[in-house]
file coords-v6.cif (mmCIF, C-alpha atoms)
data_structure
loop_
_atom_site.label_atom_id
_atom_site.label_comp_id
_atom_site.auth_asym_id
_atom_site.auth_seq_id
_atom_site.Cartn_x
_atom_site.Cartn_y
_atom_site.Cartn_z
CA MET A 81 -100.91 33.81 44.62
CA GLN A 82 -97.56 32.17 43.88
CA ALA A 83 -96.38 31.87 40.31
CA THR A 84 -94.73 28.71 39.08
CA ARG A 85 -92.42 28.08 36.19
CA ASN A 86 -91.48 24.55 35.10
CA GLY A 87 -92.82 23.21 38.38
CA PHE A 88 -90.71 25.56 40.54
CA ARG A 89 -92.07 28.37 42.66
CA VAL A 90 -91.03 31.82 41.49
CA LEU A 91 -90.13 34.05 44.42
CA SER A 92 -90.77 37.74 44.31
CA LEU A 93 -87.93 40.19 44.89
CA ALA A 94 -89.48 41.00 48.28
CA SER A 95 -89.19 37.33 49.34
CA VAL A 96 -85.56 37.22 48.30
CA LEU A 97 -84.80 40.41 50.24
CA VAL A 98 -86.47 39.05 53.38
CA PHE A 99 -84.38 35.87 53.06
CA ALA A 100 -81.21 37.94 52.56
CA ALA A 101 -82.04 40.09 55.58
CA GLY A 102 -82.43 36.93 57.68
CA THR A 103 -79.01 35.77 56.50
CA ALA A 104 -77.51 39.13 57.50
CA VAL A 105 -78.81 38.67 61.04
CA LEU A 106 -77.08 35.30 61.23
CA ALA A 107 -73.89 36.89 59.98
CA GLY A 108 -74.06 39.32 62.93
CA GLU A 109 -73.75 36.50 65.46
CA ALA A 110 -70.50 35.62 67.19
CA PRO A 111 -67.88 34.80 64.55
CA MET A 112 -66.65 31.21 64.23
CA ILE A 113 -62.91 30.79 64.65
CA PRO A 114 -60.96 27.66 63.65
CA THR A 115 -60.40 24.98 66.29
CA ALA A 116 -56.63 25.52 66.16
CA ASN A 117 -57.07 29.24 66.94
CA ALA A 118 -59.42 28.43 69.82
CA MET A 119 -56.91 25.97 71.28
CA VAL A 120 -54.25 28.70 71.30
CA ARG A 121 -56.70 31.04 73.07
CA ALA A 122 -57.63 28.42 75.70
CA ASN A 123 -56.24 29.32 79.15
CA LYS A 124 -57.98 26.50 81.00
CA LYS A 125 -58.72 23.15 79.39
CA VAL A 126 -60.73 20.51 81.22
CA ALA A 127 -60.67 16.95 79.94
CA PRO A 128 -64.02 15.15 79.97
CA GLU A 129 -64.56 12.13 82.17
CA PHE A 130 -64.88 8.85 80.27
CA PRO A 131 -68.47 7.70 80.91
CA THR A 132 -68.58 4.48 82.93
CA ALA A 133 -71.08 2.80 80.62
CA ALA A 134 -68.96 3.57 77.55
CA LYS A 135 -65.87 2.24 79.32
CA GLN A 136 -67.64 -0.98 80.31
CA LEU A 137 -68.89 -1.49 76.76
CA HIS A 138 -65.47 -0.62 75.27
CA ILE A 139 -66.98 2.22 73.25
CA THR A 140 -64.53 4.76 71.90
CA GLY A 141 -64.93 7.76 69.66
CA SER A 142 -64.87 11.50 69.53
CA GLN A 143 -67.38 14.24 70.18
CA ASP A 144 -67.48 17.64 68.49
CA VAL A 145 -69.03 20.44 70.53
CA GLN A 146 -69.55 24.04 69.53
CA VAL A 147 -68.85 26.58 72.26
CA THR A 148 -69.82 30.23 72.39
CA VAL A 149 -67.28 32.27 74.33
CA SER A 150 -68.23 35.57 75.97
CA LYS A 151 -66.33 38.85 75.89
CA THR A 152 -64.77 37.84 79.22
CA GLY A 153 -63.55 34.46 77.93
CA ASP A 154 -66.17 32.29 79.65
CA VAL A 155 -68.07 29.57 77.80
CA VAL A 156 -71.70 30.69 77.74
CA ASP A 157 -73.23 28.08 75.43
CA VAL A 158 -72.38 24.52 74.40
CA LYS A 159 -73.98 22.46 71.62
CA VAL A 160 -73.13 18.92 70.58
CA LEU A 161 -72.49 18.79 66.84
CA LYS A 162 -71.61 15.14 66.34
CA GLY A 163 -70.45 12.03 68.12
CA ASN A 164 -71.82 9.18 70.22
CA ALA A 165 -74.61 10.35 72.55
CA MET A 166 -72.97 8.43 75.41
CA PHE A 167 -70.28 11.13 75.46
CA SER A 168 -72.57 14.18 75.30
CA SER A 169 -73.01 14.95 79.02
CA SER A 170 -69.33 14.51 79.75
CA SER A 171 -68.24 16.62 76.78
CA MET A 172 -70.65 19.43 77.59
CA ALA A 173 -69.69 19.48 81.27
CA ALA A 174 -66.00 19.68 80.42
CA ALA A 175 -66.48 22.36 77.73
CA ARG A 176 -68.43 24.61 80.13
CA GLN A 177 -65.34 24.77 82.37
CA TRP A 178 -62.93 25.96 79.67
CA LYS A 179 -61.64 29.56 79.78
CA PHE A 180 -60.31 31.55 76.83
CA THR A 181 -58.45 34.75 76.08
CA PRO A 182 -61.15 37.03 74.65
CA LEU A 183 -61.18 37.75 70.94
CA VAL A 184 -60.37 41.40 70.22
CA LYS A 185 -62.15 42.94 67.24
CA ASP A 186 -61.78 46.63 66.38
CA GLY A 187 -60.05 47.22 69.72
CA GLU A 188 -62.88 45.70 71.78
CA ALA A 189 -63.44 42.24 73.23
CA SER A 190 -66.08 40.28 71.35
CA GLU A 191 -67.80 36.90 71.55
CA PHE A 192 -66.74 34.04 69.32
CA THR A 193 -67.71 30.46 68.63
CA ALA A 194 -65.44 27.50 68.00
CA VAL A 195 -65.60 23.73 67.78
CA LEU A 196 -63.82 21.62 70.40
CA VAL A 197 -63.13 17.94 69.74
CA PHE A 198 -62.98 15.55 72.67
CA ASN A 199 -61.50 12.10 72.07
CA TYR A 200 -62.53 9.10 74.14
CA GLY A 201 -60.14 6.16 74.23
CA GLN A 202 -58.48 6.88 70.91
#
call {"tool": "encode", "arguments": {"input": "coords-v6.cif", "output": "structure tokens"}}
result
Amino acid sequence: MQATRNGFRVLSLASVLVFAAGTAVLAGEAPMIPTANAMVRANKKVAPEFPTAAKQLHITGSQDVQVTVSKTGDVVDVKVLKGNAMFSSSSMAAARQWKFTPLVKDGEASEFTAVLVFNYGQ
């Protein structure tokens, strides 16, 4: 049975600890580094192709993609964060080809995530 106070649910300490433990797991994922730091670490940058449909319709804009970089510097995951959907395939294809200098943490290579911004016609 859940207790309420002033219309709000009152969580037990156990619920709060479970929530905190879930947050700790997220904190253990690959650290996010600033875009500027990622650009310095990039050894190979591939520009996305401007989609034909967007070009014909004179659509411009930018696309933010989050990349996860492996211990060897390869992009292993790409997610579109924001931008026109017309640019998504092109942005993701380009981002997958990027190569980075691995992040060194405590003397060992480690994964990291970063946001890349691709500009189309701007």
call {"tool": "resolve_selection", "arguments": {"input": "coords-v6.cif", "expression": "the PyMOL selection byres ((chain A and resi 123-140) around 8)", "output": "MDAnalysis selection string"}}
result
chainID A and resid 121:122 141:142 166:167 170:171 173:175 177:181 198:202
call {"tool": "closest_residue", "arguments": {"input": "coords-v6.cif", "among": "A:Val145, A:Val156, A:Ile113, A:Ala189", "to": "Ser169 (chain A)", "atoms": "all atoms listed in the file"}}
result
A:Val145
call {"tool": "residues_around", "arguments": {"input": "coords-v6.cif", "residues": "Val195 (chain A)", "least_positions_apart": "4", "cutoff": "12 Å", "atoms": "all atoms listed in the file", "output": "PyMOL selection string"}}
result
chain A and resi 111-119+143-149+155+157-162+171-172+175
call {"tool": "atom_distance", "arguments": {"input": "coords-v6.cif", "atom1": "CA of Glu191 (chain A)", "atom2": "CA of Arg176 (chain A)"}}
result
15.0 Å
call {"tool": "atom_distance", "arguments": {"input": "coords-v6.cif", "atom1": "CA of Lys151 (chain A)", "atom2": "CA of Ser168 (chain A)"}}
result
25.5 Å
call {"tool": "axis_aligned_box", "arguments": {"input": "coords-v6.cif", "around": "region 126-141 of chain A", "padding_each_side": "8 Å", "output": "JSON"}}
result
{"center_x": -65.9, "center_y": 9.5, "center_z": 76.3, "size_x": 26.4, "size_y": 38.0, "size_z": 29.3}
call {"tool": "closest_residue", "arguments": {"input": "coords-v6.cif", "among": "A:Ser150, A:Val120, A:Val184, A:Ala110", "to": "Leu196 (chain A)", "atoms": "all atoms listed in the file"}}
result
A:Val120
call {"tool": "closest_residue", "arguments": {"input": "coords-v6.cif", "among": "A:Ala194, A:Glu188, A:Leu183, A:Glu109", "to": "Gly153 (chain A)", "atoms": "only C-alpha atoms"}}
result
A:Leu183
